[in-house]
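K.L.:
One file is attached below, work-v2.txt, containing compact mmCIF, C-alpha atoms.
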# COMPACT_ATOMS: atom_id res chain seq x y z
CA MET A 18 -40.26 86.29 -39.27
CA SER A 19 -37.72 87.00 -36.60
CA VAL A 20 -37.60 90.09 -34.40
CA SER A 21 -34.09 91.54 -34.18
CA SER A 22 -32.35 92.02 -30.83
CA LYS A 23 -32.49 95.76 -31.44
CA CYS A 24 -36.27 95.63 -31.90
CA TYR A 25 -36.70 93.37 -28.86
CA TYR A 26 -34.71 95.82 -26.72
CA ALA A 27 -36.59 98.82 -28.16
CA VAL A 28 -39.92 97.25 -27.19
CA ARG A 29 -38.57 96.50 -23.70
CA ALA A 30 -37.28 100.08 -23.31
CA ILE A 31 -40.63 101.57 -24.36
CA TYR A 32 -42.35 99.16 -21.97
CA ALA A 33 -40.15 100.39 -19.08
CA LEU A 34 -41.06 103.99 -19.89
CA ALA A 35 -44.75 103.09 -20.14
CA GLU A 36 -44.66 101.29 -16.81
CA HIS A 37 -42.82 104.23 -15.20
CA ALA A 38 -45.86 106.44 -15.98
CA SER A 39 -44.43 109.58 -14.45
CA SER A 40 -43.79 113.05 -15.77
CA GLU A 41 -40.26 112.69 -14.40
CA PRO A 42 -37.81 111.08 -16.81
CA LEU A 43 -36.43 107.59 -16.22
CA LYS A 44 -32.66 107.31 -16.13
CA ILE A 45 -31.04 105.24 -18.85
CA ALA A 46 -29.14 103.15 -16.27
CA GLU A 47 -32.42 102.23 -14.60
CA ILE A 48 -34.01 101.21 -17.90
CA ALA A 49 -30.93 99.12 -18.72
CA GLU A 50 -30.98 97.39 -15.34
CA ARG A 51 -34.74 96.76 -15.20
CA GLU A 52 -34.95 95.42 -18.74
CA MET A 53 -31.50 93.75 -18.87
CA ILE A 54 -30.37 95.73 -21.92
CA PRO A 55 -26.67 96.49 -22.48
CA ILE A 56 -26.38 100.21 -21.76
CA ARG A 57 -24.33 101.05 -24.86
CA PHE A 58 -26.90 99.32 -27.06
CA LEU A 59 -29.71 101.08 -25.18
CA GLU A 60 -28.12 104.48 -25.80
CA VAL A 61 -28.21 103.84 -29.56
CA ILE A 62 -31.77 102.51 -29.45
CA LEU A 63 -33.09 105.43 -27.39
CA GLY A 64 -31.35 107.85 -29.75
CA GLN A 65 -33.15 106.21 -32.66
CA LEU A 66 -36.49 106.25 -30.82
CA LYS A 67 -35.96 109.92 -30.00
CA GLY A 68 -35.32 110.63 -33.67
CA GLY A 69 -38.58 108.84 -34.49
CA GLY A 70 -40.57 111.02 -32.11
CA PHE A 71 -41.39 108.25 -29.62
CA VAL A 72 -39.34 109.47 -26.64
CA GLN A 73 -37.77 112.65 -25.40
CA SER A 74 -34.71 113.13 -23.26
CA ARG A 75 -33.54 115.58 -20.65
CA ARG A 76 -29.90 116.07 -19.77
CA GLY A 77 -28.35 116.51 -16.37
CA ALA A 78 -28.60 114.99 -12.92
CA GLU A 79 -32.39 114.98 -13.10
CA GLY A 80 -32.36 113.84 -16.70
CA GLY A 81 -33.44 110.70 -18.47
CA TYR A 82 -36.09 109.58 -20.93
CA ARG A 83 -39.88 109.68 -21.10
CA LEU A 84 -42.53 108.80 -23.66
CA LEU A 85 -43.73 111.58 -25.94
CA ARG A 86 -47.16 109.98 -26.25
CA ALA A 87 -49.39 108.24 -23.77
CA ALA A 88 -48.79 104.49 -23.47
CA ASP A 89 -52.38 103.80 -24.52
CA ASP A 90 -51.72 105.67 -27.77
CA LEU A 91 -48.55 103.79 -28.73
CA THR A 92 -48.70 100.32 -30.27
CA VAL A 93 -46.11 97.58 -30.31
CA GLY A 94 -46.50 97.48 -34.11
CA GLU A 95 -45.38 101.10 -34.47
CA ILE A 96 -42.15 100.41 -32.63
CA MET A 97 -41.50 97.12 -34.42
CA ARG A 98 -41.96 98.67 -37.86
CA TYR A 99 -39.90 101.72 -36.96
CA VAL A 100 -36.95 99.62 -35.77
CA ASP A 101 -37.14 96.51 -38.01
CA GLY A 102 -39.21 97.61 -40.99
CA PRO A 103 -42.21 95.79 -42.44
CA ILE A 104 -43.82 92.89 -40.63
CA ALA A 105 -43.90 89.98 -43.05
CA PRO A 106 -42.87 86.34 -42.78
CA VAL A 107 -41.74 86.38 -46.44
CA ASP A 108 -40.97 89.28 -48.82
CA CYS A 109 -43.71 88.54 -51.35
CA VAL A 110 -46.47 89.41 -48.84
CA SER A 111 -44.82 92.54 -47.44
CA GLN A 112 -47.10 95.52 -47.94
CA SER A 113 -44.33 98.10 -48.00
CA ARG A 114 -41.40 96.13 -49.45
CA HIS A 115 -43.14 93.71 -51.78
CA LYS A 116 -40.73 91.55 -53.76
CA GLU A 117 -41.77 89.11 -56.47
CA CYS A 118 -40.66 85.54 -55.96
CA ASP A 119 -39.73 82.81 -58.44
CA PHE A 120 -43.28 81.43 -58.27
CA HIS A 121 -44.94 84.69 -59.35
CA GLY A 122 -48.66 83.97 -59.60
CA GLU A 123 -48.17 80.23 -59.07
CA CYS A 124 -47.24 80.04 -55.38
CA HIS A 125 -49.25 77.50 -53.44
CA PHE A 126 -48.55 79.34 -50.17
CA PHE A 127 -49.16 83.01 -51.06
CA GLY A 128 -52.56 83.14 -49.33
CA PHE A 129 -51.22 81.33 -46.29
CA TRP A 130 -48.26 83.72 -45.88
CA GLY A 131 -50.60 86.67 -46.34
CA ARG A 132 -52.81 85.38 -43.52
CA VAL A 133 -49.76 84.89 -41.28
CA ARG A 134 -48.65 88.48 -41.96
CA GLN A 135 -52.16 89.78 -41.25
CA ALA A 136 -52.48 87.80 -38.01
CA ILE A 137 -49.18 89.14 -36.70
CA SER A 138 -50.07 92.69 -37.77
CA ASP A 139 -53.46 92.44 -36.09
CA VAL A 140 -51.87 91.46 -32.77
CA VAL A 141 -49.06 94.02 -32.72
CA ASP A 142 -51.24 96.85 -34.07
CA ARG A 143 -54.00 96.25 -31.53
CA THR A 144 -51.66 95.97 -28.57
CA THR A 145 -50.67 99.20 -26.86
CA PHE A 146 -47.94 99.53 -24.29
CA ALA A 147 -50.64 100.36 -21.74
CA ASP A 148 -52.19 96.96 -22.57
CA LEU A 149 -48.85 95.26 -21.89
CA VAL A 150 -48.39 97.07 -18.58
CA ARG A 151 -51.91 96.16 -17.51
CA GLU A 152 -51.46 92.54 -18.62
CA ASN A 153 -48.18 92.24 -16.72
CA HIS A 154 -49.66 93.71 -13.54
CA GLU A 155 -52.57 91.26 -13.77
CA ARG A 156 -50.15 88.38 -14.32
CA LYS A 157 -48.20 89.41 -11.24
CA ARG A 158 -51.44 89.34 -9.24
CA GLY A 159 -52.11 85.83 -10.56
CA TYR A 160 -54.71 86.58 -13.22
CA VAL A 161 -54.46 86.47 -17.00
CA GLY A 162 -57.78 87.25 -18.62
CA ASP A 163 -60.34 84.95 -17.01
CA TRP A 164 -57.70 82.45 -15.88
CA ILE A 165 -56.08 82.20 -12.47
CA ILE A 166 -52.52 80.97 -12.74
Written as structure tokens, that's how I'd like the structure from this file.
P.N.:
Amino acid sequence: MSVSSKCYYAVRAIYALAEHASSEPLKIAEIAEREMIPIRFLEVILGQLKGGGFVQSRRGAEGGYRLLRAADDLTVGEIMRYVDGPIAPVDCVSQSRHKECDFHGECHFFGFWGRVRQAISDVVDRTTFADLVRENHERKRGYVGDWII
């Protein structure tokens, strides 16, 4: 499974908005600079995220983007699936785009790939953007979990 550049940038953009944590919108140029996203690509991504009901925009000099939901109510998995589609290392274990393979019923690896898909889903579906912001702030202070780095 590979995350597309578009998905990677979408997750970074949502992260920037989650970290901003203000009722005032964040300007697209600031998101692009902070997260090192090409601004033209970011415009397309934010338009798509707006269409999906994840962000809202305001025009004008005081305009920009903000999250429509609280960061602790928005998971990384939601954004990944919205942008890239199902999370599955191979098509035969995809829950929403299942595709039979040549080894139908005889694949030695079907259970393994299913566990890989489930492990990835568990991580991205249990991780909110508030979790990522908190984790990053702890890392910057020198702590990750119980470890000092």
K.L.:
Measuring between only C-alpha atoms, which one of A:Glu47, A:Glu95, A:Glu41, A:Glu52 shows the shortest distance to Gly80 in chain A?
P.N.:
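Smallest distance to Gly80 in chain A is found for A:Glu41.
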K.L.:
Could you give me, as a PDB file with C-alpha atoms, in the frame of the given file, the residues that have an atom at most 8 Å away from the point (-50.6, 101.3, -22.0) in the coordinates of the file, using all atoms listed in the file?
P.N.:
ATOM      1  CA  ALA A  35     -44.750 103.090 -20.140  1.00  0.00           C
ATOM      2  CA  GLU A  36     -44.660 101.290 -16.810  1.00  0.00           C
ATOM      3  CA  ALA A  87     -49.390 108.240 -23.770  1.00  0.00           C
ATOM      4  CA  ALA A  88     -48.790 104.490 -23.470  1.00  0.00           C
ATOM      5  CA  ASP A  89     -52.380 103.800 -24.520  1.00  0.00           C
ATOM      6  CA  ASP A  90     -51.720 105.670 -27.770  1.00  0.00           C
ATOM      7  CA  LEU A  91     -48.550 103.790 -28.730  1.00  0.00           C
ATOM      8  CA  THR A 145     -50.670  99.200 -26.860  1.00  0.00           C
ATOM      9  CA  PHE A 146     -47.940  99.530 -24.290  1.00  0.00           C
ATOM     10  CA  ALA A 147     -50.640 100.360 -21.740  1.00  0.00           C
ATOM     11  CA  ASP A 148     -52.190  96.960 -22.570  1.00  0.00           C
ATOM     12  CA  LEU A 149     -48.850  95.260 -21.890  1.00  0.00           C
ATOM     13  CA  VAL A 150     -48.390  97.070 -18.580  1.00  0.00           C
ATOM     14  CA  ARG A 151     -51.910  96.160 -17.510  1.00  0.00           C
TER      15      ARG A 151
END
K.L.:
In Å to one decimal, how far is CA of Val93 in chain A from CA of Leu43 in chain A?
P.N.:
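CA of Val93 in chain A lies 19.8 Å from CA of Leu43 in chain A.
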K.L.:
Need to verify the contact set: Ile96 in chain A, 10 Å, all atoms listed in the file, exclusion of same-chain residues closer than 3 positions in sequence. Can you return it as a list in words?
P.N.:
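Once the nearby chain positions are removed, what remains is Cys24, Tyr25, Ala27, Val28, Ile31, Leu66, Gly69, Phe71, Leu91, Thr92, Val93, Tyr99, Val100, Asp101, Gly102, Val141 and Asp142 of chain A.
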K.L.:
With distances taken over all atoms listed in the file, which residue among A:Ile104, A:Lys23, A:Gln73, A:Tyr82 lies nearest Ile54 in chain A?
P.N.:
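Among A:Ile104, A:Lys23, A:Gln73, A:Tyr82, it is A:Lys23 that comes nearest to Ile54 in chain A.
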K.L.:
Find the residue from A:Ala49, A:Met97, A:Val72, A:Ala78 that sits nearest to Thr144 in chain A; use only C-alpha atoms when measuring.
P.N.:
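Using only C-alpha atoms, Thr144 in chain A sits closest to A:Met97.
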K.L.:
Rank A:Arg83, A:Gly159, A:Val20, A:Ser138 by their smallest atom-to-atom distance to Ala33 in chain A, using only C-alpha atoms, and report the top residue only.
P.N.:
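The closest residue to Ala33 in chain A is A:Arg83.
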K.L.:
Could you check the closest approach to Val140 in chain A for each of A:His154, A:Gly94, A:Ser39, A:Val107 and tell me which residue wins, using all atoms listed in the file?
P.N.:
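Under the stated criterion, the closest residue is A:Gly94.
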K.L.:
Between CA of Ala105 in chain A and CA of Val133 in chain A, measure the distance and give it in Å to one decimal.
P.N.:
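Atom-to-atom, CA of Ala105 in chain A and CA of Val133 in chain A are spaced 8.0 Å apart.
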K.L.:
Which residues are close to Gly70 in chain A, i.e. within 10 Å by all atoms listed in the file, leaving aside same-chain residues fewer than 6 positions away? Reply as a list in words.
P.N.:
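Close residues of Gly70 in chain A: Leu84, Leu85 and Arg86 of chain A.
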K.L.:
Suppose you want the space between CA of Glu152 in chain A and CA of Tyr26 in chain A; what is it in Å?
P.N.:
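Value for the CA of Glu152 in chain A-CA of Tyr26 in chain A distance: 18.9 Å.
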